[in-house]
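> Structure below; questions to follow.
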Amino acid sequence: MTTVAAGLKKLTMVQAITDAMRTMMRENETVLVLGEDVGVNGGVFRATDGLIQEFGEERVVDTPLAESGIIGTSVGLAVNGFTPICEMQFFGFIYPAFNQIMTHATRMRQRSLGRYTVPMVIRAPYGAGVKAPEIHSDSVEALFTHVPGLKVVAPSNPYDAKGLLIASIEDPDPVLFIEPMRCYRSGRTEVPEDKYSIPLGKAAKVKEGTDVTIFTWGAMVQDTVQAVQKWEETHEEVCEIIDLRTLYPLDKEAIKESVEKTGRVVVVHEAPETGGVSGDIISVINDAAFFYLKAPVQKVTGFDTPVPVYSLEQDFLPSARKITAALEQVLKY
Amino acid sequence: MTTVAAGLKKLTMVQAITDAMRTMMRENETVLVLGEDVGVNGGVFRATDGLIQEFGEERVVDTPLAESGIIGTSVGLAVNGFTPICEMQFFGFIYPAFNQIMTHATRMRQRSLGRYTVPMVIRAPYGAGVKAPEIHSDSVEALFTHVPGLKVVAPSNPYDAKGLLIASIEDPDPVLFIEPMRCYRSGRTEVPEDKYSIPLGKAAKVKEGTDVTIFTWGAMVQDTVQAVQKWEETHEEVCEIIDLRTLYPLDKEAIKESVEKTGRVVVVHEAPETGGVSGDIISVINDAAFFYLKAPVQKVTGFDTPVPVYSLEQDFLPSARKITAALEQVLKY
Amino acid sequence: MGADNQFPVIQYVNEAGSLKQDEVKLHKEQLYQFYFMMVRARMMDKKCLNLQRQGRIGTYVQYEGQEAAQVGSALAVEDGDWMFPTYRDHAATMSFGHSLRNLFLYWKGRLEGSIPPEGRNIFPPAVPIASQLLHAAGAAWAEKKKNSDRVSIVYFGDGATSEGDFHEGLNFASVFHAPVVFFNQNNGYAISVPMEKQMKSKTIAQKGLAYDIPSLRIDGNDILAVYHETVKAVARARSGGGPTLIEAVTWRYGAHTTADDPSKYRDQQESEIRRKTTDPLLRVERLLKNQGWWKEEEKERMEAEITKEINQALKEAEKFKPADIDELFDHVFAEPVWPIEEQRKQHKRLSREGIQ
Amino acid sequence: MGADNQFPVIQYVNEAGSLKQDEVKLHKEQLYQFYFMMVRARMMDKKCLNLQRQGRIGTYVQYEGQEAAQVGSALAVEDGDWMFPTYRDHAATMSFGHSLRNLFLYWKGRLEGSIPPEGRNIFPPAVPIASQLLHAAGAAWAEKKKNSDRVSIVYFGDGATSEGDFHEGLNFASVFHAPVVFFNQNNGYAISVPMEKQMKSKTIAQKGLAYDIPSLRIDGNDILAVYHETVKAVARARSGGGPTLIEAVTWRYGAHTTADDPSKYRDQQESEIRRKTTDPLLRVERLLKNQGWWKEEEKERMEAEITKEINQALKEAEKFKPADIDELFDHVFAEPVWPIEEQRKQHKRLSREGIQ
Ligand SMILES: Cc1ncc(C[n+]2csc(CCOP(=O)(O)OP(=O)(O)O)c2C)c(N)n1
Ligand SMILES: Cc1ncc(C[n+]2csc(CCOP(=O)(O)OP(=O)(O)O)c2C)c(N)n1
Ligand SMILES: [Mg+2]
Ligand SMILES: [Mg+2]
């Protein structure tokens, strides 16, 4: 066992997420957890493990199997003094709740000129690569970055997961917090035992570089880091890797600054290309750093197809090979 | 009354839409119309006026008030031999059907390797500017261009409306057909009485130009044409206006060709900026014509806010003033 | 199956104005209060309709004919309770304390129109059909969690029962035993679609059987039935007895909205007949007459008072500060985000230039 | 309310294997067919579970304990009828003719796994809960429009009754009088959530009252009850009598899926007791014994035959051509669109280079 400094624990991402909820539930008794199987079962990924034992069933609620019901009642709870954390069992099962998210959770502040507000976090495991059945692997963050009134957050490691989730729970407005399933148990990092938060809307520089910037988030950060390590062994150009962390609002300053420096960009995401967040990133670059761009932005993304059943999911996902090809392409100019 | 050539009628857009449905229902008895108030009432915009009288209630169906129900049963009808045209009363009421669209209508072909297919058209009036109540004016096409397996079409005038709707009904896959409410009765154009179709995926050049291209669609085409006419009276640069007509798949060739010629681009849409189709357009330009671009693409769009109640909707909508400012900006470089 | 037979229409006062239930004690003041609130609601509705015709407000949603259902149920809830109206329920919200000025503002397309008076919990009217049932369940559940005795009342139509959210709302309320009154106004139509096309069940009350929610069917044009039965449901909810589903059978005289033409789908003669038979105001008038309590002057006095109130409110609404685009930008998030701030700045710059 | 009292559990054969209904005539062959199909289903389930443990297939969804419900109902529909299964209903689909090879392929994450034999109308298993009820209603409605006498049968669980689509599915079927059998397997749990947390109603059958749909509650572990009652519902649908809701009360012995640990939320002793009491296979065995028709050799013969069939199917599945990425690109649209074609080209170029 590696030694861990005092006040730190080695946690997986899913543990860090539980820890964030526990921390906030201890501090603030308005915080509730609701969802399918989140109580007695501790969540199908164990993300809510132990919470019902500590906080009881008034605060950790096994709901009926109905996503619109979960979000809709949570709007009522939120407006009336609570801070619901709603778990969607998988991101691909959020669709039945779309109306409640789009027309209520995110518009209530506007519609009531601030009289009623909806402090709410919607958590959802997302992404391919864990051999899950159909529909379970969707990566549809871009549907939500287009929803006015919603922040969208995607952590890539245990430390960020805890800090970003705490910030999301403390945010006075609805936050969609998507969790890359592939990272749930793929590694442990040191996580402070105490409360801390990472501001929403701020990207993290995972690796400093000078010649090309890779923008990515979630599970793709790991893949990108690995691909870049390998690639740099045989190339002299140095890559900067930026983990966007928050997908709405994007960290415009971080994007601008990096593009002004490197002039070359690769975006990596697992969602289908068309309509993906890559479009927003390219759009921000267009606005903020157009004249610094030396080459077309390269995109390494999922296809414009449904996320496939698992026999084909590795083909669908961005791979080191594809990231490498994009680097080569963007550096050609 | 202006004279109309034989075989042509002067129609409003909403009449052209009715005409397209009537034409296809006469030709193909598998075509059905379903929705709330589409039968006896002829639709809240009269888009299905007269259809129940001609085709009876087996083919023109007043459904219960349930959008998921409409799309979900239509998936069953479509797989079992029919071609449903489903009306969503307003685009802002499509959200309850999101799950059925996202996980079934658009994935059935894939999931069954072509054994089951879903020829279906979803019609929806969209957009602001008609003083409609809240939620009635949403313009959320970008949520759907990101849905794999779905084509998205938006006509801007009566002639196109008929031709594109016929093509959509004949398409063997699901098509989302969004209709700019503001254009429903805003003018008449000559429309052939006979059947004709306009291929999906092909943009229309509304106006030839050499110095800057404006990409737009739907109700914004009218506004753009007017703004440009006015603007050109006092400027020597000539604008090209391209009505994209199909938003998925975009007409890449048309975009590329025009940008290679003009090197300057303005995109006009009424949806919120972030996550809007402007991102896709900029992304396509990045891929296909990067080195031709002389200036950052200018965007004239709605805000990243909910579409407001009607006292503020004119502020929300792109205006001639804003289009003019964007032209000035893009030509500065 | 006969599930519908389990739900006969409960009436307290019949069309002729005779009392049908022995236990009810009539109070002259209360009857006059009911009558006043219904007259006020009807006059407000007429005013709005006229304003819409004059182009002084936008598309308007009428409720004429449904006053007993809305007023009677709204008077059954109290301070601290939560009300979840639809676009058609301003007779309910105004009876619960929403200001007439704000109602006018609402129909003038102003966000301020949805803001209830301080201390009154009224949600902005729900537009997506049936979505509000879940909010009501959630807010009521919150009260239960706080160990308060406050309740929710939520309005919805016959058409709304077809949406999934109706089902999920009733099920969540049932499972969590939330103190909600689900108040259905069955006015027979969802725009053009009559109840027979909306469902095959003969009653809406029987839908409560699916959730083991106590349900009842009442004459929605009989304000005594509405008031007393809602009071019972509210009392049950307050005392931990959980939700109730009330189907109030009623009728809208006019069009669905001012954009609708009912002659397309029904014979408006029906409404004319009903004005003389089942009208909710007429019924109380007849009851008052039967009791020997009717005073024609009292009615005139009321109308004069209400006219004044309405005109005053309209004046305030019409001279209300113009809509300010900052309202839009200010209330998307508590803390502004940069895309909206940039859009605000750009918009203001262009607006200023435009004026110069 | 007592709506639940209206729906006693219908049993044809009790746990001891005694016949409870006089009208039923027993046929030895038919009983053996039922038994065979259930043994086959159970052996297939065991095989898949083992393969999952060996890592030869992905996450697997068991149905052991629910064989009578699935097999009995599947045998009640015929050629040309439509079946809409969930992820848990392969005992139903295999009994309706789906190939074992394809079932293995399905659990190997292959699209081919969802393809039914030519002429058999079986939908790919629905994953989003309750969404399939609407497809069943739609396909059945289509048959009605074509004036055929074909029907739909659709499977769903107790948890599925909470989704809005359950409600909309039943209402559409009711309103359009579509020939659908809504076949609910109430196995008491939605993953970890017991029925008491899912709903307050004591039965699922009573939910049919909301739609005036004939409903019944049957012992889902009694294949005779399942078969005969489903046959009646199918016959009613075929002859224009509209939909039926059947609640088949059953139990899954194992975990929700191979990714689930039931000891987290229930005492698995219950399953052990049930294996000896309410087991659907055991019941037919006891019935056969009571009738003096039981032959131990027959059982062994069956098992040998089935083992062979399963092994053969598995072999075919394991030597099936590898998944081809073109399947993904080819079946998004009938006609390819350029973004997908470009992605295909790029992907293939890189894969080729990768290999070199
Ligand atoms: C989700 C959704 N779909 C469609 C509409 C359009 N719409 C507005 S009112 C209405 C009919 C509602 O009927 P009912 O529930 O009976 O209420 P009523 O209008 O009669 O009071 C419809 C279809 C909507 N507002 N929301
Ligand atoms: C819309 C949706 N939400 C959540 C899930 C995740 N999920 C899969 S199975 C299941 C429980 C289903 O319970 P039930 O309907 O009783 O069927 P059973 O699994 O018992 O056969 C859940 C919550 C899903 N598949 N779809
Ligand atoms: Mg109604
Ligand atoms: Mg179950």
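Residue names in the structure tokens use chain letters A, B, ... in the order shown, residue numbers from 1 in each chain, and ligand numbers from 1 in the order shown.
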Please identify all residues of chain C having at least one atom at most 10 Å from any atom of chain A, considering only C-alpha atoms, and return them as a ChimeraX atom specification.
/C:82,110-116,118,121-128,131-143,145-146,164-173,175-176,327-335,337-340
> I need the chain A residues near chain B as a PyMOL selection string; criterion: at most 6 Å, counting only C-alpha atoms.
chain A and resi 95-96+98-99+143+146+148+274-275+279-280+283+286+290+296+304-306
> What separation in Å, quoted to one decimal, exists between CA of Asp267 (chain C) and CA of Leu287 (chain C)?
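Separation of CA of Asp267 (chain C) and CA of Leu287 (chain C): 29.2 Å.
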> May I ask you to write as a PyMOL selection string all residues lying at most 8 Å from ligand 2, with only C-alpha atoms and all ligand atoms counted?
(chain A and resi 36-37+65-67+88-90+92-96+136) or (chain D and resi 63+86-88+127-131+156-161+163+185-191+252+256)
> Output N, CA, C and O atoms for every residue in that selection, as a compact mmCIF listing (two decimals), in the first residue's frame.

# COMPACT_ATOMS: atom_id res chain seq x y z
N GLU A 36 -33.34 5.83 -8.80
CA GLU A 36 -33.69 4.41 -8.84
C GLU A 36 -32.56 3.61 -8.19
O GLU A 36 -31.40 3.71 -8.63
N ASP A 37 -32.88 2.87 -7.16
CA ASP A 37 -31.91 1.98 -6.51
C ASP A 37 -30.79 2.70 -5.77
O ASP A 37 -29.76 2.11 -5.47
N LEU A 65 -39.71 4.00 -10.67
CA LEU A 65 -38.91 3.95 -11.90
C LEU A 65 -39.47 4.92 -12.94
O LEU A 65 -40.20 4.52 -13.85
N ALA A 66 -39.12 6.19 -12.82
CA ALA A 66 -39.71 7.20 -13.70
C ALA A 66 -38.84 8.44 -13.66
O ALA A 66 -38.84 9.17 -12.68
N GLU A 67 -38.11 8.68 -14.72
CA GLU A 67 -37.15 9.78 -14.73
C GLU A 67 -37.82 11.14 -14.75
O GLU A 67 -37.34 12.08 -14.11
N MET A 88 -29.67 9.75 -12.46
CA MET A 88 -30.22 9.04 -13.61
C MET A 88 -29.37 7.78 -13.71
O MET A 88 -28.14 7.88 -13.77
N GLN A 89 -29.99 6.63 -13.75
CA GLN A 89 -29.20 5.40 -13.60
C GLN A 89 -28.10 5.29 -14.67
O GLN A 89 -27.00 4.84 -14.37
N PHE A 90 -28.45 5.70 -15.88
CA PHE A 90 -27.47 5.86 -16.95
C PHE A 90 -27.88 7.12 -17.72
O PHE A 90 -29.06 7.44 -17.77
N GLY A 92 -28.16 7.54 -20.77
CA GLY A 92 -29.10 7.18 -21.83
C GLY A 92 -30.54 7.02 -21.35
O GLY A 92 -31.44 6.81 -22.16
N PHE A 93 -30.75 7.11 -20.03
CA PHE A 93 -32.12 7.04 -19.52
C PHE A 93 -32.60 8.40 -19.02
O PHE A 93 -33.59 8.50 -18.31
N ILE A 94 -31.90 9.43 -19.41
CA ILE A 94 -32.33 10.77 -19.02
C ILE A 94 -33.42 11.31 -19.95
O ILE A 94 -34.14 12.24 -19.61
N TYR A 95 -33.54 10.68 -21.12
CA TYR A 95 -34.45 11.25 -22.13
C TYR A 95 -35.89 11.42 -21.66
O TYR A 95 -36.53 12.42 -22.00
N PRO A 96 -36.44 10.46 -20.91
CA PRO A 96 -37.82 10.68 -20.47
C PRO A 96 -37.98 11.94 -19.61
O PRO A 96 -39.08 12.45 -19.46
N HIS A 136 -27.10 2.17 -22.89
CA HIS A 136 -26.42 2.46 -21.62
C HIS A 136 -25.16 3.29 -21.80
O HIS A 136 -24.57 3.72 -20.81
N TYR D 63 -33.62 -14.92 -16.08
CA TYR D 63 -35.07 -14.95 -15.88
C TYR D 63 -35.50 -16.18 -15.09
O TYR D 63 -36.70 -16.45 -14.95
N THR D 86 -38.62 -7.42 -23.43
CA THR D 86 -37.56 -6.61 -22.82
C THR D 86 -36.29 -7.46 -22.81
O THR D 86 -36.29 -8.59 -23.31
N TYR D 87 -35.27 -6.90 -22.20
CA TYR D 87 -33.99 -7.58 -21.99
C TYR D 87 -34.12 -8.88 -21.21
O TYR D 87 -33.19 -9.65 -21.13
N ARG D 88 -35.25 -9.11 -20.51
CA ARG D 88 -35.34 -10.29 -19.66
C ARG D 88 -36.22 -11.38 -20.28
O ARG D 88 -36.46 -12.42 -19.66
N VAL D 127 -34.84 -1.67 -24.16
CA VAL D 127 -33.97 -1.37 -23.02
C VAL D 127 -34.55 -0.22 -22.18
O VAL D 127 -34.63 -0.34 -20.97
N PRO D 128 -34.96 0.89 -22.80
CA PRO D 128 -35.57 1.95 -21.97
C PRO D 128 -36.92 1.44 -21.46
O PRO D 128 -37.81 1.10 -22.25
N ILE D 129 -37.02 1.39 -20.17
CA ILE D 129 -38.17 0.74 -19.53
C ILE D 129 -39.50 1.33 -20.01
O ILE D 129 -39.68 2.54 -20.05
N ALA D 130 -40.40 0.44 -20.37
CA ALA D 130 -41.81 0.75 -20.71
C ALA D 130 -41.99 1.37 -22.09
O ALA D 130 -43.12 1.52 -22.55
N SER D 131 -40.89 1.69 -22.75
CA SER D 131 -41.03 2.33 -24.06
C SER D 131 -41.71 1.42 -25.07
O SER D 131 -42.36 1.89 -26.00
N PHE D 156 -43.44 -6.57 -19.90
CA PHE D 156 -42.86 -5.50 -19.08
C PHE D 156 -42.97 -5.90 -17.62
O PHE D 156 -43.76 -6.78 -17.26
N GLY D 157 -42.18 -5.24 -16.80
CA GLY D 157 -42.10 -5.63 -15.40
C GLY D 157 -42.94 -4.74 -14.48
O GLY D 157 -43.60 -3.79 -14.93
N ASP D 158 -42.90 -5.07 -13.21
CA ASP D 158 -43.62 -4.27 -12.22
C ASP D 158 -43.07 -2.84 -12.17
O ASP D 158 -43.83 -1.87 -12.09
N GLY D 159 -41.75 -2.71 -12.26
CA GLY D 159 -41.17 -1.37 -12.23
C GLY D 159 -41.62 -0.53 -13.41
O GLY D 159 -41.82 0.69 -13.29
N ALA D 160 -41.82 -1.17 -14.53
CA ALA D 160 -42.20 -0.46 -15.75
C ALA D 160 -43.52 0.27 -15.62
O ALA D 160 -43.77 1.24 -16.34
N THR D 161 -44.35 -0.19 -14.70
CA THR D 161 -45.66 0.47 -14.57
C THR D 161 -45.54 1.91 -14.08
O THR D 161 -46.50 2.66 -14.15
N GLU D 163 -43.43 4.22 -15.30
CA GLU D 163 -43.05 5.15 -16.36
C GLU D 163 -44.28 5.72 -17.07
O GLU D 163 -45.29 5.02 -17.27
N GLN D 185 -45.03 -9.04 -16.07
CA GLN D 185 -44.44 -9.99 -15.14
C GLN D 185 -44.10 -9.25 -13.87
O GLN D 185 -43.11 -8.54 -13.81
N ASN D 186 -44.92 -9.46 -12.89
CA ASN D 186 -44.67 -8.83 -11.60
C ASN D 186 -43.79 -9.78 -10.79
O ASN D 186 -44.28 -10.69 -10.13
N ASN D 187 -42.49 -9.54 -10.89
CA ASN D 187 -41.56 -10.40 -10.14
C ASN D 187 -41.17 -9.74 -8.81
O ASN D 187 -40.20 -10.14 -8.17
N GLY D 188 -41.93 -8.74 -8.44
CA GLY D 188 -41.77 -8.17 -7.10
C GLY D 188 -40.67 -7.15 -6.94
O GLY D 188 -40.64 -6.40 -5.96
N TYR D 189 -39.80 -7.07 -7.91
CA TYR D 189 -38.67 -6.15 -7.78
C TYR D 189 -38.34 -5.46 -9.11
O TYR D 189 -38.40 -6.07 -10.17
N ALA D 190 -37.95 -4.22 -8.99
CA ALA D 190 -37.33 -3.49 -10.10
C ALA D 190 -35.89 -3.27 -9.62
O ALA D 190 -35.65 -2.40 -8.79
N ILE D 191 -35.00 -4.08 -10.10
CA ILE D 191 -33.66 -4.18 -9.50
C ILE D 191 -33.86 -4.35 -7.99
O ILE D 191 -34.40 -5.40 -7.58
N ARG D 252 -38.17 -13.68 -9.62
CA ARG D 252 -36.89 -14.11 -10.20
C ARG D 252 -36.04 -14.65 -9.07
O ARG D 252 -35.88 -14.00 -8.04
N HIS D 256 -30.74 -9.34 -10.46
CA HIS D 256 -31.37 -8.58 -11.55
C HIS D 256 -30.62 -8.83 -12.86
O HIS D 256 -31.21 -9.09 -13.90
> Just checking: using only C-alpha atoms, which residue out of C:Val9, C:Ile204, C:Ile306, C:Val71 ends up closest to chain D?
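Closest candidate: C:Ile204.
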> Using CA of Leu11 (chain A) and CA of Thr189 (chain A) as the two end points, give the distance in Å to one decimal.
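Computing the Euclidean distance for CA of Leu11 (chain A) and CA of Thr189 (chain A) yields 5.7 Å.
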> Given the choices D:Ala259, D:Ala3, D:Val39, D:Met302, which gets closest to chain C if the distance is worked out from only C-alpha atoms?
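Distance minimum relative to chain C lands on D:Ala3.
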> Identify, on the basis of only C-alpha atoms, every residue whose closest approach to Leu216 (chain C) does not exceed 9 Å; exclude the query and any residue fewer than 3 positions from it along the same chain; express the result as a list of chain:residue names.
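Residues meeting the cut-off are C:Gln6, C:Phe7, C:Pro8, C:Val9, C:Ile10, C:Ile204, C:Ala205, C:Gln206, C:Gly208, C:Glu229, C:Thr244, C:Leu245, C:Ile246, C:Glu247, C:Ala248.
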> Please give the complete set of residues from region 115-217 of chain B that DSSP, run on the backbone, assigns to helix (DSSP H, G or I), formatted as a PyMOL selection string.
chain B and resi 141-145+158-170+181-183
> Would you mind listing what lies within 7 Å of region 203-218 of chain B as a ChimeraX atom specification, with only C-alpha atoms counted and same-chain residues fewer than 5 positions away left out?
/B:154-156,180,237-246,251,254,258-259,261-269
> Got time to write the residues from that selection, N, CA and C atoms, as a CSV table (one decimal), in the first residue's frame?

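Ended up saving to part15.csv:
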chain,number,residue,atom,x,y,z
B,154,ALA,N,-35.9,22.3,-42.6
B,154,ALA,CA,-36.6,23.5,-42.2
B,154,ALA,C,-36.8,24.4,-43.5
B,155,PRO,N,-38.0,24.4,-44.0
B,155,PRO,CA,-38.3,25.2,-45.2
B,155,PRO,C,-38.4,26.7,-44.9
B,156,SER,N,-38.2,27.5,-45.9
B,156,SER,CA,-38.3,29.0,-45.6
B,156,SER,C,-39.4,29.6,-46.5
B,180,PRO,N,-41.4,27.2,-39.7
B,180,PRO,CA,-41.3,28.5,-39.1
B,180,PRO,C,-42.7,29.1,-39.1
B,237,GLU,N,-20.1,45.8,-51.4
B,237,GLU,CA,-19.9,44.4,-51.3
B,237,GLU,C,-21.2,43.7,-51.6
B,238,VAL,N,-21.0,42.5,-52.2
B,238,VAL,CA,-22.2,41.8,-52.6
B,238,VAL,C,-22.3,40.5,-51.7
B,239,CYS,N,-23.5,40.3,-51.2
B,239,CYS,CA,-23.7,39.2,-50.2
B,239,CYS,C,-24.3,38.0,-51.0
B,240,GLU,N,-23.8,36.8,-50.6
B,240,GLU,CA,-24.4,35.6,-51.1
B,240,GLU,C,-25.3,35.1,-49.9
B,241,ILE,N,-26.5,34.7,-50.2
B,241,ILE,CA,-27.4,34.1,-49.1
B,241,ILE,C,-27.7,32.7,-49.4
B,242,ILE,N,-27.4,31.8,-48.5
B,242,ILE,CA,-27.7,30.4,-48.7
B,242,ILE,C,-28.6,30.0,-47.6
B,243,ASP,N,-29.7,29.4,-48.1
B,243,ASP,CA,-30.8,28.8,-47.3
B,243,ASP,C,-30.4,27.4,-47.2
B,244,LEU,N,-30.0,26.9,-46.0
B,244,LEU,CA,-29.5,25.6,-45.9
B,244,LEU,C,-30.6,24.5,-46.1
B,245,ARG,N,-31.8,24.8,-45.7
B,245,ARG,CA,-33.0,24.0,-45.9
B,245,ARG,C,-32.9,22.6,-45.1
B,246,THR,N,-31.8,21.9,-45.3
B,246,THR,CA,-31.7,20.7,-44.5
B,246,THR,C,-30.6,20.9,-43.5
B,251,ASP,N,-25.4,20.7,-46.3
B,251,ASP,CA,-24.9,20.6,-47.6
B,251,ASP,C,-23.5,21.1,-47.6
B,254,ALA,N,-22.2,22.9,-50.8
B,254,ALA,CA,-22.6,24.2,-51.0
B,254,ALA,C,-21.9,25.2,-50.1
B,258,SER,N,-19.2,28.1,-51.5
B,258,SER,CA,-19.5,29.5,-51.3
B,258,SER,C,-18.4,30.1,-50.5
B,259,VAL,N,-17.9,29.4,-49.5
B,259,VAL,CA,-16.8,30.0,-48.6
B,259,VAL,C,-15.5,30.1,-49.4
B,261,LYS,N,-15.4,30.9,-52.4
B,261,LYS,CA,-15.6,32.1,-53.2
B,261,LYS,C,-15.5,33.4,-52.4
B,262,THR,N,-16.2,33.4,-51.3
B,262,THR,CA,-16.4,34.7,-50.6
B,262,THR,C,-15.3,34.9,-49.5
B,263,GLY,N,-15.0,33.8,-48.8
B,263,GLY,CA,-14.0,33.9,-47.7
B,263,GLY,C,-14.5,34.5,-46.4
B,264,ARG,N,-15.7,35.0,-46.5
B,264,ARG,CA,-16.3,35.6,-45.3
B,264,ARG,C,-17.7,35.1,-45.0
B,265,VAL,N,-18.0,34.8,-43.7
B,265,VAL,CA,-19.2,34.1,-43.4
B,265,VAL,C,-20.0,34.8,-42.2
B,266,VAL,N,-21.3,34.8,-42.4
B,266,VAL,CA,-22.2,35.2,-41.3
B,266,VAL,C,-23.2,34.0,-41.2
B,267,VAL,N,-23.4,33.6,-40.0
B,267,VAL,CA,-24.5,32.6,-39.8
B,267,VAL,C,-25.6,33.2,-39.0
B,268,VAL,N,-26.8,33.1,-39.4
B,268,VAL,CA,-28.0,33.7,-38.7
B,268,VAL,C,-28.9,32.5,-38.3
B,269,HIS,N,-29.1,32.4,-37.0
B,269,HIS,CA,-30.2,31.5,-36.6
B,269,HIS,C,-30.8,32.1,-35.3
> Kindly provide, as a short mmCIF file (atom, residue, chain, number, x, y, z; two decimals) with C-alpha atoms, in the first residue's frame, the residues of chain D having any atom no farther than 6 Å from an atom of chain C, counting only C-alpha atoms.

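Writing done, so here's iface_10.cif:
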data_model
loop_
_atom_site.label_atom_id
_atom_site.label_comp_id
_atom_site.auth_asym_id
_atom_site.auth_seq_id
_atom_site.Cartn_x
_atom_site.Cartn_y
_atom_site.Cartn_z
CA GLY D 164 -45.22 7.58 -18.30
CA VAL D 175 -58.73 4.58 -27.11
CA MET D 199 -46.61 1.83 -6.07
CA LYS D 200 -49.14 1.92 -3.30
CA SER D 201 -51.70 -0.13 -5.15
CA GLN D 206 -56.19 -2.67 -10.98
CA LYS D 207 -54.31 -0.14 -13.05
CA ALA D 210 -58.02 3.66 -15.34
CA TYR D 211 -58.39 2.80 -19.02
CA ASP D 212 -61.43 0.54 -18.90
#
> What does the distance from CA of Gln15 (chain B) to CA of Pro158 (chain B) come to in Å, to one decimal?
7.8 Å
> Select, from B:Asp194, B:Glu54, B:Glu87, B:Glu260, the residue with the minimum atom-to-atom distance to ligand 1, counting only C-alpha atoms and all ligand atoms.
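Ranked by minimum distance to ligand 1, first place goes to B:Glu87.
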> Find the spatial neighbours of Lys144 (chain D), counting only C-alpha atoms, within a cut-off of 9 Å - ignore same-chain residues fewer than 4 positions away - and output them as a list in words.
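These residues fall inside the cut-off: Ala139, Ala140, Ser148, Asp149, Arg150, Val151, His177, Ala178, Pro179 and Gly240 of chain D.
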> Give me a file of those residues, with N, CA and C atoms, as an mmCIF file, in the first residue's frame.

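See result-v2.cif below for the written result:
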data_model
loop_
_atom_site.group_PDB
_atom_site.id
_atom_site.type_symbol
_atom_site.label_atom_id
_atom_site.label_comp_id
_atom_site.auth_asym_id
_atom_site.auth_seq_id
_atom_site.Cartn_x
_atom_site.Cartn_y
_atom_site.Cartn_z
ATOM 1 N N ALA D 139 -48.157 -1.201 -33.384
ATOM 2 C CA ALA D 139 -48.139 -2.319 -34.337
ATOM 3 C C ALA D 139 -49.497 -3.017 -34.357
ATOM 4 N N ALA D 140 -50.112 -3.136 -33.195
ATOM 5 C CA ALA D 140 -51.431 -3.771 -33.124
ATOM 6 C C ALA D 140 -52.481 -2.919 -33.837
ATOM 7 N N SER D 148 -56.588 -7.101 -40.366
ATOM 8 C CA SER D 148 -56.121 -8.468 -40.132
ATOM 9 C C SER D 148 -56.575 -8.873 -38.733
ATOM 10 N N ASP D 149 -56.337 -10.095 -38.363
ATOM 11 C CA ASP D 149 -56.679 -10.501 -37.000
ATOM 12 C C ASP D 149 -55.425 -10.767 -36.162
ATOM 13 N N ARG D 150 -54.315 -10.190 -36.601
ATOM 14 C CA ARG D 150 -53.063 -10.380 -35.848
ATOM 15 C C ARG D 150 -53.035 -9.444 -34.625
ATOM 16 N N VAL D 151 -52.291 -9.850 -33.639
ATOM 17 C CA VAL D 151 -52.256 -9.101 -32.373
ATOM 18 C C VAL D 151 -50.813 -8.879 -31.925
ATOM 19 N N HIS D 177 -58.628 0.939 -29.350
ATOM 20 C CA HIS D 177 -59.137 -0.435 -29.293
ATOM 21 C C HIS D 177 -58.184 -1.381 -30.029
ATOM 22 N N ALA D 178 -56.912 -1.197 -29.737
ATOM 23 C CA ALA D 178 -55.898 -1.973 -30.454
ATOM 24 C C ALA D 178 -55.787 -3.386 -29.871
ATOM 25 N N PRO D 179 -55.563 -4.351 -30.725
ATOM 26 C CA PRO D 179 -55.481 -5.737 -30.263
ATOM 27 C C PRO D 179 -54.125 -6.057 -29.622
ATOM 28 N N GLY D 240 -61.593 -8.420 -32.172
ATOM 29 C CA GLY D 240 -62.034 -7.020 -32.104
ATOM 30 C C GLY D 240 -62.402 -6.552 -30.713
#
> Would you pick out the contacts of Pro199 (chain A) at 9 Å or less, using only C-alpha atoms, so that residues sharing its chain but fewer than 6 positions from it are not included, and give the list as a ChimeraX atom specification?
/A:163-164,167-168
